[in-house]
$ cat query-v3.csv   # CSV, C-alpha atoms
chain,number,residue,atom,x,y,z
I,1,MET,CA,-61.2,149.5,162.2
I,2,LYS,CA,-61.0,146.5,159.9
I,3,HIS,CA,-59.5,147.2,156.5
I,4,VAL,CA,-60.1,145.8,153.0
I,5,PHE,CA,-57.6,146.2,150.2
I,6,LEU,CA,-59.0,146.4,146.7
I,7,GLU,CA,-56.3,145.4,144.1
I,8,SER,CA,-57.9,147.5,141.4
I,9,HIS,CA,-55.1,148.9,139.3
I,10,ASN,CA,-56.8,147.6,136.1
I,11,ILE,CA,-59.2,150.6,136.6
I,12,LYS,CA,-56.7,152.6,134.5
I,13,ASN,CA,-58.2,151.3,131.3
I,14,GLN,CA,-61.9,151.8,131.3
I,15,PHE,CA,-62.2,151.0,127.6
I,16,ASN,CA,-62.0,147.3,128.5
I,17,GLY,CA,-64.1,144.9,130.6
I,18,PHE,CA,-61.7,144.7,133.5
I,19,GLY,CA,-61.4,148.5,133.8
I,20,GLN,CA,-65.2,148.9,133.6
I,21,PHE,CA,-65.6,146.2,136.3
I,22,ASN,CA,-63.1,147.8,138.6
I,23,PHE,CA,-64.6,151.3,138.2
I,24,HIS,CA,-68.3,150.4,138.6
I,25,LEU,CA,-67.7,148.0,141.6
I,26,ILE,CA,-65.7,150.8,143.4
I,27,LYS,CA,-68.5,153.3,142.5
I,28,GLY,CA,-71.1,150.9,143.9
I,29,LEU,CA,-69.1,150.4,147.1
I,30,TYR,CA,-69.0,154.2,147.4
I,31,HIS,CA,-72.8,154.3,147.2
I,32,ALA,CA,-73.0,151.4,149.7
I,33,ASP,CA,-71.9,153.9,152.4
I,34,VAL,CA,-70.0,151.2,154.3
I,35,GLU,CA,-69.2,152.3,157.9
I,36,ASP,CA,-68.1,149.0,159.6
I,37,PHE,CA,-64.8,148.7,157.7
I,38,LYS,CA,-62.4,150.8,155.6
I,39,MET,CA,-61.3,150.2,152.0
I,40,THR,CA,-58.1,151.0,150.1
I,41,ILE,CA,-58.1,151.5,146.4
I,42,HIS,CA,-54.9,150.4,144.6
I,43,ALA,CA,-54.5,152.4,141.4
I,44,LYS,CA,-52.0,154.3,139.3
I,45,ASP,CA,-53.9,157.6,139.1
I,46,THR,CA,-55.2,158.0,142.6
I,47,ASN,CA,-55.8,161.8,142.2
I,48,ALA,CA,-58.7,161.3,139.8
I,49,LEU,CA,-60.3,158.8,142.2
I,50,LYS,CA,-59.8,161.1,145.2
I,51,ASP,CA,-61.5,163.9,143.3
I,52,GLN,CA,-64.5,161.6,142.7
I,53,PHE,CA,-64.7,159.7,146.0
I,54,GLY,CA,-62.9,161.9,148.5
I,55,ASN,CA,-61.8,160.4,151.8
I,56,TYR,CA,-64.4,157.6,151.7
I,57,PHE,CA,-61.6,155.3,150.5
I,58,ASP,CA,-57.9,155.2,151.4
I,59,TYR,CA,-55.6,155.2,148.4
I,60,LYS,CA,-52.4,153.4,147.5
I,61,THR,CA,-50.5,154.3,144.4
I,62,TYR,CA,-49.7,151.3,142.1
I,63,ARG,CA,-46.1,150.6,141.2
I,64,SER,CA,-45.2,147.9,138.7
I,65,ILE,CA,-42.3,146.7,140.9
I,66,SER,CA,-44.9,145.4,143.4
I,67,ARG,CA,-45.4,142.4,141.0
I,68,LYS,CA,-42.1,141.1,142.2
I,69,PRO,CA,-42.4,138.7,145.2
I,70,PHE,CA,-39.8,140.6,147.3
I,71,PHE,CA,-41.5,143.9,146.7
I,72,ARG,CA,-45.1,142.8,147.4
I,73,ILE,CA,-47.2,145.0,149.6
I,74,ARG,CA,-46.4,144.1,153.2
I,75,LYS,CA,-49.1,145.8,155.1
I,76,LYS,CA,-51.3,143.1,156.6
I,77,TYR,CA,-54.8,144.1,155.5
I,78,ASP,CA,-57.7,142.2,157.0
I,79,VAL,CA,-59.0,141.2,153.6
I,80,TRP,CA,-57.4,141.4,150.2
I,81,HIS,CA,-59.7,141.4,147.1
I,82,SER,CA,-58.1,140.5,143.7
I,83,LEU,CA,-60.7,142.1,141.4
I,84,ASN,CA,-59.4,140.3,138.3
I,85,GLN,CA,-58.2,136.7,137.9
I,86,ASN,CA,-55.2,137.7,135.7
I,87,ILE,CA,-53.6,140.1,138.2
I,88,LYS,CA,-49.9,139.4,139.0
I,89,ILE,CA,-49.9,141.5,142.2
I,90,GLU,CA,-50.3,139.5,145.4
I,91,PRO,CA,-50.0,140.3,149.1
I,92,TYR,CA,-46.7,139.6,150.8
I,93,HIS,CA,-48.4,137.9,153.8
I,94,LYS,CA,-50.9,135.1,154.0
I,95,ILE,CA,-54.2,137.0,154.7
I,96,PRO,CA,-57.9,136.4,153.9
I,97,TYR,CA,-58.2,136.7,150.2
I,98,VAL,CA,-61.1,137.1,147.8
I,99,LEU,CA,-60.6,136.2,144.1
I,100,THR,CA,-63.1,137.4,141.4
I,101,VAL,CA,-63.1,135.1,138.4
I,102,HIS,CA,-64.4,136.8,135.2
I,103,ASP,CA,-63.6,133.9,132.8
I,104,VAL,CA,-61.0,131.2,132.2
I,105,ASN,CA,-60.9,131.9,128.4
I,106,PHE,CA,-57.1,131.7,128.7
I,107,ILE,CA,-57.5,127.9,128.7
I,108,SER,CA,-58.6,128.0,125.0
I,109,GLU,CA,-56.8,131.2,124.0
I,110,VAL,CA,-53.4,130.6,125.6
I,111,SER,CA,-52.9,127.0,126.6
I,112,LYS,CA,-54.7,124.0,128.0
I,113,ASP,CA,-51.5,122.8,129.6
I,114,LEU,CA,-52.0,123.3,133.4
I,115,ASN,CA,-48.2,123.7,133.7
I,116,HIS,CA,-48.3,126.8,131.5
I,117,ASP,CA,-47.3,129.9,133.4
I,118,THR,CA,-50.8,131.5,133.0
I,119,ASN,CA,-52.6,128.5,134.3
I,120,LYS,CA,-50.1,128.0,137.1
I,121,ARG,CA,-50.5,131.6,138.2
I,122,PHE,CA,-54.3,131.2,138.2
I,123,THR,CA,-54.1,127.9,140.2
I,124,GLU,CA,-51.9,129.7,142.8
I,125,LYS,CA,-54.6,132.4,143.1
I,126,LEU,CA,-57.3,129.8,143.5
I,127,ASN,CA,-55.3,128.0,146.2
I,128,ARG,CA,-54.6,131.3,148.0
I,129,SER,CA,-58.4,132.1,148.1
I,130,SER,CA,-60.5,132.3,151.2
I,131,ALA,CA,-63.6,133.0,149.1
I,132,ILE,CA,-64.2,133.0,145.3
I,133,THR,CA,-66.7,135.2,143.4
I,134,TYR,CA,-67.7,134.6,139.8
I,135,ILE,CA,-69.5,137.1,137.5
I,136,SER,CA,-71.7,134.3,136.0
I,137,GLU,CA,-72.7,130.7,136.5
I,138,PHE,CA,-70.8,130.0,133.3
I,139,ALA,CA,-67.6,131.4,134.8
I,140,LYS,CA,-68.1,129.2,137.8
I,141,ALA,CA,-68.8,126.1,135.8
I,142,SER,CA,-65.9,126.5,133.5
I,143,THR,CA,-63.5,127.2,136.3
I,144,HIS,CA,-64.6,123.9,137.9
I,145,GLN,CA,-64.3,122.2,134.5
I,146,TYR,CA,-60.6,122.9,134.1
I,147,PHE,CA,-59.3,123.5,137.6
I,148,ASN,CA,-59.3,121.9,141.0
I,149,VAL,CA,-61.2,124.6,143.0
I,150,PRO,CA,-60.5,124.6,146.8
I,151,LYS,CA,-63.3,124.0,149.2
I,152,VAL,CA,-64.0,127.6,150.1
I,153,PRO,CA,-67.2,129.7,150.0
I,154,GLU,CA,-68.1,130.5,146.4
I,155,TYR,CA,-70.5,133.2,145.2
I,156,VAL,CA,-72.0,134.2,141.8
I,157,ILE,CA,-72.4,138.0,141.8
I,158,TYR,CA,-73.6,139.4,138.5
I,159,ASN,CA,-72.2,142.6,137.1
I,160,GLY,CA,-74.4,145.6,137.0
I,161,ASN,CA,-75.5,147.6,134.0
I,162,PRO,CA,-73.3,150.7,133.5
I,163,ILE,CA,-76.1,152.6,131.9
I,164,THR,CA,-78.2,153.9,134.8
I,165,THR,CA,-79.1,157.3,133.3
I,166,LEU,CA,-80.3,157.9,129.7
I,167,LEU,CA,-78.7,161.0,128.3
I,168,ASP,CA,-80.7,163.7,126.7
I,169,LEU,CA,-79.3,163.7,123.1
I,170,LYS,CA,-81.8,166.0,121.5
I,171,ASN,CA,-79.1,168.6,120.9
I,172,THR,CA,-76.2,166.3,120.3
I,173,LYS,CA,-73.6,167.2,117.7
I,174,ILE,CA,-72.9,163.6,116.8
I,175,LYS,CA,-73.1,163.2,113.0
I,176,PRO,CA,-74.5,159.8,112.1
I,177,VAL,CA,-72.3,157.7,109.8
I,178,THR,CA,-75.3,156.4,107.9
I,179,ASP,CA,-78.9,157.5,107.3
I,180,ARG,CA,-80.0,153.9,106.7
I,181,PRO,CA,-81.3,151.5,109.3
I,182,TYR,CA,-78.3,149.9,111.0
I,183,LEU,CA,-77.3,147.0,113.3
I,184,PHE,CA,-74.9,148.0,116.1
I,185,PHE,CA,-72.1,146.2,117.8
I,186,ILE,CA,-69.7,147.4,120.5
I,187,GLY,CA,-66.8,145.6,122.0
I,188,GLY,CA,-63.2,144.6,121.2
I,189,LEU,CA,-62.8,143.8,117.5
I,190,THR,CA,-61.0,140.4,118.0
I,191,GLN,CA,-61.4,136.9,116.8
I,192,ARG,CA,-63.5,135.8,119.8
I,193,LYS,CA,-66.0,138.5,119.2
I,194,ASN,CA,-66.7,136.9,115.9
I,195,VAL,CA,-67.9,140.0,114.2
I,196,HIS,CA,-66.9,138.9,110.7
I,197,THR,CA,-70.0,136.7,110.8
I,198,LEU,CA,-72.1,139.8,111.1
I,199,VAL,CA,-70.6,141.1,107.8
I,200,GLN,CA,-71.3,137.8,106.1
I,201,MET,CA,-74.9,137.9,107.4
I,202,LEU,CA,-75.2,141.5,106.1
I,203,GLU,CA,-75.0,140.2,102.6
I,204,HIS,CA,-78.4,138.6,103.1
I,205,LEU,CA,-79.9,141.8,104.7
I,206,PRO,CA,-79.6,144.4,102.0
I,207,ASN,CA,-81.8,146.9,103.8
I,208,TYR,CA,-79.4,147.3,106.8
I,209,ASP,CA,-75.9,148.8,107.5
I,210,LEU,CA,-73.6,147.6,110.2
I,211,ILE,CA,-71.9,149.8,112.7
I,212,LEU,CA,-68.9,148.4,114.7
I,213,ALA,CA,-67.6,150.3,117.7
I,214,GLY,CA,-64.5,149.3,119.7
I,215,ASP,CA,-60.7,149.0,119.6
I,216,THR,CA,-59.5,148.3,116.1
I,217,SER,CA,-55.8,147.6,117.0
I,218,ASP,CA,-56.1,143.8,116.9
I,219,SER,CA,-54.7,142.1,113.7
I,220,TYR,CA,-58.1,140.5,113.3
I,221,VAL,CA,-59.4,143.8,111.9
I,222,ASN,CA,-57.0,143.8,109.0
I,223,THR,CA,-57.2,140.1,108.2
I,224,THR,CA,-60.4,138.1,108.9
I,225,LEU,CA,-62.7,141.1,109.2
I,226,ALA,CA,-61.3,143.0,106.2
I,227,GLN,CA,-61.5,139.8,104.1
I,228,ALA,CA,-65.1,139.3,105.0
I,229,ILE,CA,-65.9,142.9,104.0
I,230,SER,CA,-64.1,142.5,100.7
I,231,LYS,CA,-65.6,139.1,99.8
I,232,THR,CA,-69.1,140.2,100.5
I,233,ARG,CA,-68.7,143.6,98.9
I,234,THR,CA,-70.2,145.4,101.9
I,235,THR,CA,-67.6,148.1,102.2
I,236,ASN,CA,-70.1,150.9,101.9
I,237,ARG,CA,-72.4,149.3,104.5
I,238,VAL,CA,-69.9,148.5,107.2
I,239,HIS,CA,-68.8,151.5,109.4
I,240,MET,CA,-66.0,151.1,112.0
I,241,LEU,CA,-66.0,153.9,114.6
I,242,GLY,CA,-63.1,152.8,116.8
I,243,LYS,CA,-63.4,153.6,120.5
I,244,ILE,CA,-66.3,155.8,121.3
I,245,ASN,CA,-67.3,157.8,124.4
I,246,THR,CA,-70.5,157.4,126.6
I,247,GLU,CA,-72.5,160.0,124.6
I,248,GLN,CA,-71.7,158.3,121.3
I,249,LYS,CA,-72.5,154.8,122.7
I,250,GLN,CA,-75.9,155.9,123.9
I,251,TYR,CA,-76.6,157.7,120.6
I,252,TYR,CA,-75.9,154.6,118.6
I,253,LEU,CA,-77.8,152.3,121.0
I,254,GLN,CA,-80.7,154.6,121.0
I,255,ASN,CA,-81.0,154.8,117.2
I,256,CYS,CA,-80.0,151.3,116.1
I,257,SER,CA,-82.6,148.9,114.6
I,258,ALA,CA,-81.1,146.1,116.7
I,259,PHE,CA,-78.0,145.2,118.7
I,260,VAL,CA,-75.9,142.2,117.5
I,261,PHE,CA,-73.3,140.3,119.5
I,262,PRO,CA,-72.1,136.9,118.1
I,263,SER,CA,-69.3,136.5,120.6
I,264,LEU,CA,-67.8,133.0,121.1
I,265,LEU,CA,-66.5,133.6,124.7
I,266,GLU,CA,-68.0,135.8,127.4
I,267,GLY,CA,-67.6,135.6,131.1
I,268,PHE,CA,-70.6,137.9,131.4
I,269,GLY,CA,-71.3,140.3,128.5
I,270,ILE,CA,-72.2,143.8,129.5
I,271,PRO,CA,-73.0,145.3,126.0
I,272,PRO,CA,-76.2,143.2,125.6
I,273,ILE,CA,-77.8,144.5,128.8
I,274,GLU,CA,-76.7,148.0,127.9
I,275,ALA,CA,-78.7,147.6,124.6
I,276,MET,CA,-81.7,146.2,126.5
I,277,ARG,CA,-81.7,149.3,128.6
I,278,PHE,CA,-82.9,151.1,125.5
I,279,GLY,CA,-85.6,148.4,124.8
I,280,LYS,CA,-83.8,147.3,121.7
I,281,PRO,CA,-84.0,143.8,120.1
I,282,VAL,CA,-80.8,142.0,121.0
I,283,PHE,CA,-79.3,139.1,119.0
I,284,LEU,CA,-76.6,137.0,120.6
I,285,SER,CA,-74.7,133.7,120.1
I,286,ASN,CA,-76.1,130.9,122.3
I,287,LEU,CA,-72.6,130.3,123.7
I,288,THR,CA,-71.0,130.5,127.1
I,289,SER,CA,-72.7,133.1,129.5
I,290,LEU,CA,-74.8,134.9,126.9
I,291,PRO,CA,-78.1,132.9,127.3
I,292,GLU,CA,-77.7,133.4,131.1
I,293,ILE,CA,-77.4,137.1,130.6
I,294,GLY,CA,-79.9,137.7,127.8
I,295,GLY,CA,-82.5,135.4,129.2
I,296,ASP,CA,-85.8,135.1,127.3
I,297,GLN,CA,-85.6,138.7,126.2
I,298,ALA,CA,-82.9,138.0,123.6
I,299,PHE,CA,-82.8,136.2,120.3
I,300,TYR,CA,-80.1,133.6,119.7
I,301,TRP,CA,-77.9,132.3,116.9
I,302,ALA,CA,-77.3,128.5,117.2
I,303,ASN,CA,-74.7,128.6,114.4
I,304,PHE,CA,-72.9,131.1,112.2
I,305,ASP,CA,-73.9,130.2,108.7
I,306,PRO,CA,-74.7,133.6,107.2
I,307,LYS,CA,-78.0,132.6,105.6
I,308,ALA,CA,-79.2,130.9,108.9
I,309,MET,CA,-78.1,134.0,110.9
I,310,SER,CA,-80.1,136.3,108.6
I,311,GLU,CA,-83.2,134.0,109.0
I,312,VAL,CA,-82.9,134.1,112.8
I,313,PHE,CA,-82.6,137.9,112.5
I,314,ILE,CA,-85.6,138.4,110.3
I,315,LYS,CA,-87.7,136.1,112.4
I,316,GLY,CA,-86.7,137.8,115.6
I,317,MET,CA,-87.3,141.3,114.2
I,318,THR,CA,-90.7,140.2,113.0
I,319,SER,CA,-91.6,138.9,116.5
I,320,PHE,CA,-90.3,142.1,118.1
I,321,GLU,CA,-92.2,144.4,115.8
I,322,SER,CA,-95.4,142.5,116.2
I,323,ASN,CA,-95.4,143.2,120.0
I,324,LYS,CA,-92.9,146.0,120.3
I,325,THR,CA,-94.2,147.6,123.4
I,326,ASN,CA,-94.2,144.4,125.5
I,327,TYR,CA,-90.8,143.3,124.1
I,328,SER,CA,-89.3,146.7,124.9
I,329,LYS,CA,-90.7,146.8,128.4
I,330,ALA,CA,-89.4,143.3,129.1
I,331,SER,CA,-85.9,144.1,127.8
I,332,ILE,CA,-85.7,147.3,129.9
I,333,LYS,CA,-86.9,145.4,133.0
I,334,ARG,CA,-84.2,142.7,132.3
I,335,ALA,CA,-81.5,145.4,131.9
I,336,LEU,CA,-82.5,147.1,135.2
I,337,SER,CA,-82.3,143.9,137.1
I,338,PHE,CA,-78.5,144.0,136.8
I,339,ASP,CA,-77.6,146.7,139.3
I,340,TRP,CA,-74.1,147.7,140.4
I,341,ASN,CA,-75.3,149.0,143.8
I,342,THR,CA,-76.8,145.6,144.5
I,343,SER,CA,-73.6,143.9,143.3
I,344,ALA,CA,-71.5,146.1,145.5
I,345,GLN,CA,-73.6,145.2,148.6
I,346,GLN,CA,-73.1,141.6,147.9
I,347,TYR,CA,-69.3,142.0,147.6
I,348,ALA,CA,-69.3,144.0,150.9
I,349,ASP,CA,-71.1,141.0,152.5
I,350,VAL,CA,-68.4,138.7,151.2
I,351,TYR,CA,-65.8,140.9,152.8
I,352,ARG,CA,-67.7,140.9,156.1
I,353,SER,CA,-67.8,137.1,156.1
I,354,LEU,CA,-64.0,137.1,156.3
I,355,LEU,CA,-63.5,140.0,158.7

$ encode --input "query-v3.csv" --output "structure tokens"
Amino acid sequence: MKHVFLESHNIKNQFNGFGQFNFHLIKGLYHADVEDFKMTIHAKDTNALKDQFGNYFDYKTYRSISRKPFFRIRKKYDVWHSLNQNIKIEPYHKIPYVLTVHDVNFISEVSKDLNHDTNKRFTEKLNRSSAITYISEFAKASTHQYFNVPKVPEYVIYNGNPITTLLDLKNTKIKPVTDRPYLFFIGGLTQRKNVHTLVQMLEHLPNYDLILAGDTSDSYVNTTLAQAISKTRTTNRVHMLGKINTEQKQYYLQNCSAFVFPSLLEGFGIPPIEAMRFGKPVFLSNLTSLPEIGGDQAFYWANFDPKAMSEVFIKGMTSFESNKTNYSKASIKRALSFDWNTSAQQYADVYRSLL
């Protein structure tokens, strides 16, 4: 039987986008019930995956030494899928190779010099590819903008929505951090997420609090974000939760007045479609992939002037509340259109095209 290798060791960290992508794609491939080829998951903790997926997959334990060229994996799989564009692990042999590109943000965040190690490594992955998948049209366009992409089959396969089941939270023990109406953001608290602009906007929205969920370890939290809170005197209205679990996420999405996401760089952007699953009004920057993901069901900031942002927010909320039932239904329909089982079937078809 033909065999596909899933280079998926980033599954170890499911608090970030890569880890989420790895897990949900693998879960979707499990539900696809593929019978015409076998798949091997490459991960550090294979026991947890075996408990969940049994013998449907084969498993290979990740070792960091396999990043070294001499110690690369030597088994000649029929197709190798590099699930993330930043992975340093490559096959020892030249075999059919699928590369998934989430974004090329490293061009702006690391270096525009194509001779920089990060860009050289990505170029090598492109040139190794037999097929390339992108998680959005924006990811595809920006890759072509900065790199010479080989003439191989290319596919845009959207991510699915991780929230497929709404939890029953009637008896939850979660204690809300505020009893006031609040705006909710979830994601890494970093410079490119641009959340300090939400704090500055909050100064013009006295009836709302702001709840921020996500990793707080980046220096941005104690510099740019902290300064914005101090200067606007919103300390009592900004609540940082840190990392939260699934139940907490659904609780805050279910009870927020609106979801806010002013990110500057997104290859896809899963949090907005998670919020749409709850029929919530969603406010996004109009940059990179976000208009592609939010569609006509979201409201957009064209700039980050605090007063202008508050005006967009007030206008959007007024529109939403004036036709709440239809807006909510349209948002939920949009959210459900992003489905991991559908995405997994599309990836399986890419594998088949190379087998």

$ closest_residue --input "query-v3.csv" --among "I:Gly267, I:Pro176, I:Gly28, I:Gly187" --to "Tyr134 in chain I" --atoms "all atoms listed in the file"
I:Gly267

$ closest_residue --input "query-v3.csv" --among "I:Gln191, I:Ser319, I:Thr61, I:Thr46" --to "Ser263 in chain I" --atoms "only C-alpha atoms"
I:Gln191

$ closest_residue --input "query-v3.csv" --among "I:His24, I:Lys38, I:Lys307, I:Arg192" --to "Val79 in chain I" --atoms "only C-alpha atoms"
I:Lys38

$ closest_atom_pairs --input "query-v3.csv" --of "range 222-332 of chain I" --to "range 95-116 of chain I" --cutoff "12 Å" --atoms "all atoms listed in the file" --output "tab-separated table"
residue	atom	partner	partner_atom	distance
I:Leu264	CA	I:Asn105	CA	10.1
I:Leu265	CA	I:Asn105	CA	6.9
I:Glu266	CA	I:Asp103	CA	7.2
I:Gly267	CA	I:Asp103	CA	4.7
I:Phe268	CA	I:His102	CA	7.4
I:Gly269	CA	I:His102	CA	10.2
I:Ile270	CA	I:His102	CA	11.9
I:Thr288	CA	I:Asp103	CA	9.9
I:Ser289	CA	I:Asp103	CA	9.7

$ closest_residue --input "query-v3.csv" --among "I:Gln145, I:Gln297, I:Asn86, I:Ser285" --to "Ser328 in chain I" --atoms "only C-alpha atoms"
I:Gln297

$ residues_around --input "query-v3.csv" --residues "Asn148 in chain I" --least-positions-apart "6" --cutoff "10 Å" --atoms "all atoms listed in the file" --output "ChimeraX atom specification"
/I:123,126-127

$ residues_near_point --input "query-v3.csv" --point "(-72.4, 148.1, 104.3)" --cutoff "8 Å" --atoms "only C-alpha atoms" --output "PyMOL selection string"
chain I and resi 202+208-210+233-239

$ atom_distance --input "query-v3.csv" --atom1 "CA of Phe57 in chain I" --atom2 "CA of Gly19 in chain I"
18.0 Å

$ atom_distance --input "query-v3.csv" --atom1 "CA of Thr223 in chain I" --atom2 "CA of Asp305 in chain I"
19.4 Å

$ closest_residue --input "query-v3.csv" --among "I:Lys88, I:Val4, I:Ile132, I:Ile211" --to "Lys76 in chain I" --atoms "only C-alpha atoms"
I:Val4

$ residues_near_point --input "query-v3.csv" --point "(-68.5, 146.7, 153.3)" --cutoff "9 Å" --atoms "all atoms listed in the file" --output "CSV table (one decimal) with C-alpha atoms, keeping the file's coordinate frame"
chain,number,residue,atom,x,y,z
I,4,VAL,CA,-60.1,145.8,153.0
I,29,LEU,CA,-69.1,150.4,147.1
I,32,ALA,CA,-73.0,151.4,149.7
I,33,ASP,CA,-71.9,153.9,152.4
I,34,VAL,CA,-70.0,151.2,154.3
I,35,GLU,CA,-69.2,152.3,157.9
I,36,ASP,CA,-68.1,149.0,159.6
I,37,PHE,CA,-64.8,148.7,157.7
I,38,LYS,CA,-62.4,150.8,155.6
I,39,MET,CA,-61.3,150.2,152.0
I,344,ALA,CA,-71.5,146.1,145.5
I,345,GLN,CA,-73.6,145.2,148.6
I,346,GLN,CA,-73.1,141.6,147.9
I,347,TYR,CA,-69.3,142.0,147.6
I,348,ALA,CA,-69.3,144.0,150.9
I,349,ASP,CA,-71.1,141.0,152.5
I,350,VAL,CA,-68.4,138.7,151.2
I,351,TYR,CA,-65.8,140.9,152.8
I,352,ARG,CA,-67.7,140.9,156.1

$ closest_residue --input "query-v3.csv" --among "I:Ile41, I:Met276, I:Ala308, I:Val152" --to "Ile293 in chain I" --atoms "only C-alpha atoms"
I:Met276

$ atom_distance --input "query-v3.csv" --atom1 "CA of Gly294 in chain I" --atom2 "CA of Lys329 in chain I"
14.1 Å

$ residues_around --input "query-v3.csv" --residues "Ile73 in chain I" --least-positions-apart "5" --cutoff "7 Å" --atoms "all atoms listed in the file" --output "PyMOL selection string"
chain I and resi 66+91-92

$ residues_around --input "query-v3.csv" --residues "Glu90 in chain I" --least-positions-apart "3" --cutoff "8 Å" --atoms "only C-alpha atoms" --output "NGL selection string"
:I and (67 or 69 or 72-73 or 87)

$ residues_around --input "query-v3.csv" --residues "Ser219 in chain I" --least-positions-apart "5" --cutoff "10 Å" --atoms "only C-alpha atoms" --output "PyMOL selection string"
chain I and resi 189-191+224-225

$ build_atoms --input "query-v3.csv" --residues "range 168-174 of chain I" --atoms "all heavy atoms" --output "compact mmCIF listing (two decimals), in the frame of the given file"
# COMPACT_ATOMS: atom_id res chain seq x y z
N ASP I 168 -79.86 162.95 127.59
CA ASP I 168 -80.70 163.70 126.70
C ASP I 168 -79.84 164.12 125.47
O ASP I 168 -78.93 164.94 125.56
CB ASP I 168 -81.20 165.00 127.40
CG ASP I 168 -82.13 165.83 126.52
OD1 ASP I 168 -82.34 165.44 125.35
OD2 ASP I 168 -82.64 166.86 127.00
N LEU I 169 -80.15 163.49 124.34
CA LEU I 169 -79.30 163.70 123.10
C LEU I 169 -80.01 164.49 122.07
O LEU I 169 -79.61 164.47 120.91
CB LEU I 169 -78.94 162.29 122.58
CG LEU I 169 -78.16 161.38 123.53
CD1 LEU I 169 -77.96 160.00 122.90
CD2 LEU I 169 -76.80 161.99 123.87
N LYS I 170 -81.03 165.25 122.48
CA LYS I 170 -81.80 166.00 121.50
C LYS I 170 -80.88 167.03 120.77
O LYS I 170 -81.04 167.28 119.57
CB LYS I 170 -82.92 166.78 122.19
CG LYS I 170 -84.02 165.87 122.71
CD LYS I 170 -85.09 166.68 123.43
CE LYS I 170 -86.15 165.77 124.02
NZ LYS I 170 -87.15 166.55 124.81
N ASN I 171 -79.95 167.61 121.47
CA ASN I 171 -79.10 168.60 120.90
C ASN I 171 -77.68 168.13 120.62
O ASN I 171 -76.74 168.92 120.54
CB ASN I 171 -79.05 169.86 121.78
CG ASN I 171 -80.42 170.49 121.97
OD1 ASN I 171 -81.17 170.65 121.02
ND2 ASN I 171 -80.75 170.83 123.22
N THR I 172 -77.55 166.81 120.48
CA THR I 172 -76.20 166.30 120.30
C THR I 172 -75.62 166.72 118.93
O THR I 172 -76.35 166.97 117.96
CB THR I 172 -76.26 164.72 120.30
OG1 THR I 172 -74.92 164.22 120.16
CG2 THR I 172 -77.10 164.16 119.16
N LYS I 173 -74.32 166.84 118.92
CA LYS I 173 -73.60 167.20 117.70
C LYS I 173 -73.03 166.03 116.98
O LYS I 173 -72.24 166.18 116.05
CB LYS I 173 -72.51 168.24 118.04
CG LYS I 173 -73.04 169.55 118.61
CD LYS I 173 -71.90 170.52 118.90
CE LYS I 173 -72.46 171.83 119.47
NZ LYS I 173 -71.37 172.79 119.80
N ILE I 174 -73.41 164.83 117.42
CA ILE I 174 -72.90 163.60 116.80
C ILE I 174 -73.50 163.52 115.38
O ILE I 174 -74.73 163.59 115.20
CB ILE I 174 -73.29 162.36 117.61
CG1 ILE I 174 -72.63 162.42 118.99
CG2 ILE I 174 -72.87 161.09 116.88
CD1 ILE I 174 -73.11 161.36 119.95
